[in-house]
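First comes the structure, then the notes that go with it.
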Amino acid sequence: MKHIVLFALLFTIMVFNFGEALSQDLSANIMRRVNAANLELDKAEEQIRTGKSELAPAKLKTAQTEYDNIFNYYKGSFDPDHPILVKLKERIEKIKKQLSEGSAQAAQKTDPVTTGEKTQTKATDTTKETPQTETTVKTDNTVPKSQGYGELSANIRRRINSADVQLKVVNQRAAKGERSTEALNTAKAEYKNIFNYYKGSFDPNHPDIIALKQRIDNAEKAMNEGFAKKNATASLESNPAAVEDLPEKMGDDLISIAGTLRTLENRLDTANKSGNPGSYVYGVNDDLKYATEKFEQFNSNYKGQFNPAHVAYVQIETRLKNGQKAVADLEARAGAAEKAEQKSQQAAELIRIKSVQKHLSD
């Protein structure tokens, strides 16, 4: 009887612990996605708080994707009612509601005014901003005022200055071959909102407005060119940043092809240093065939889904062509070496025959 009671007790403890682990312990992969989602939600809340709610939906979408992927990839390995997951879902819904409630205000083109900035409104409409009658405020006008086009309001000047702060970040990172997409998008949003909120209150051909657009275009061009230059020379298999702007699976597949090409390139290098290149011909052809098949499969899987001018794709395409040429060159050298060896053997055999003939004649 005691044995039965003891067995029942142990069984109860095991079931309880299993259930408790399911409800309390989330795997490292799940927690990584939870943390990534919360980080995006932090950014979305900050954007809403600082009057940049037009940027928040992108962050919210990323967070929602992380949440959905927990259920897509790890279904059955966790409790769907786990407090951490419930809290994450509630937070996502809360921000969705905030953005939804703010859409009506955004539709009216009302501009969030920072501390110290005040605007006068028409007596008949106390909710709509009248940019033409803004009171002058003290701002750090880094862009010189232009004559003949009318003065830009303090709020427009503030947005120009804000955009320039972001563009400075873009240009600094571009010089290092790095992307700063978020800063660039913020600068673009500031430029766009000048037209959204103050349309009709300024000349769109104002030199300072035109100059801002040019600075944005130049910064974007510098960012893309710097990134392309850096990643065109860095081997893709050791530089995952080159595919950070691609869908995860697509980027992983390109890196996998790069790894196969690295195997081919290493074998070719060894063959070129060898005194017997012919012994490597079979191996390099096998490597080349495998890399070519993977590249063709990539093109089939993602047809029409990627830019063939993308720096990572161009690198793979170039390395594959170089590999094909190098294999052909190795085969040619191996064939030439084989022919030379045959001639050498024939010459040696001829000398041996003449020596025997001379010996017999003597």
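In the structure tokens, chains take letters A, B, ... by order of appearance, with residues numbered from 1 within each chain and ligands from 1 in the order shown.
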- Query: Quick one: residues within 12 Å of stretch 181-191 of chain A, only C-alpha atoms counted, chain neighbours fewer than 3 positions away excluded, as a PyMOL selection string?
  - Reply: chain A and resi 43+47+51-56+58-59+111+155-174+178+194-199+204+208-224+227+244-245
For A:Val327, work out the shell of residues within 9 Å, counting only C-alpha atoms and skipping chain neighbours fewer than 2 positions away, then give it as a short mmCIF file (atom, residue, chain, number, x, y, z; two decimals) with C-alpha atoms, in the first residue's frame.
data_model
loop_
_atom_site.label_atom_id
_atom_site.label_comp_id
_atom_site.auth_asym_id
_atom_site.auth_seq_id
_atom_site.Cartn_x
_atom_site.Cartn_y
_atom_site.Cartn_z
CA LEU A 268 41.13 26.40 -56.24
CA VAL A 281 40.08 18.96 -61.17
CA VAL A 284 36.63 21.84 -58.00
CA ASN A 285 34.16 20.73 -60.66
CA LEU A 288 31.26 24.45 -58.90
CA ASN A 322 34.99 33.99 -61.53
CA GLY A 323 34.82 30.44 -60.20
CA GLN A 324 33.71 29.09 -63.58
CA LYS A 325 36.63 30.82 -65.30
CA ASP A 329 41.84 27.68 -66.35
CA LEU A 330 42.77 24.90 -63.90
CA GLU A 331 41.53 22.24 -66.31
CA ALA A 332 43.57 23.82 -69.12
#
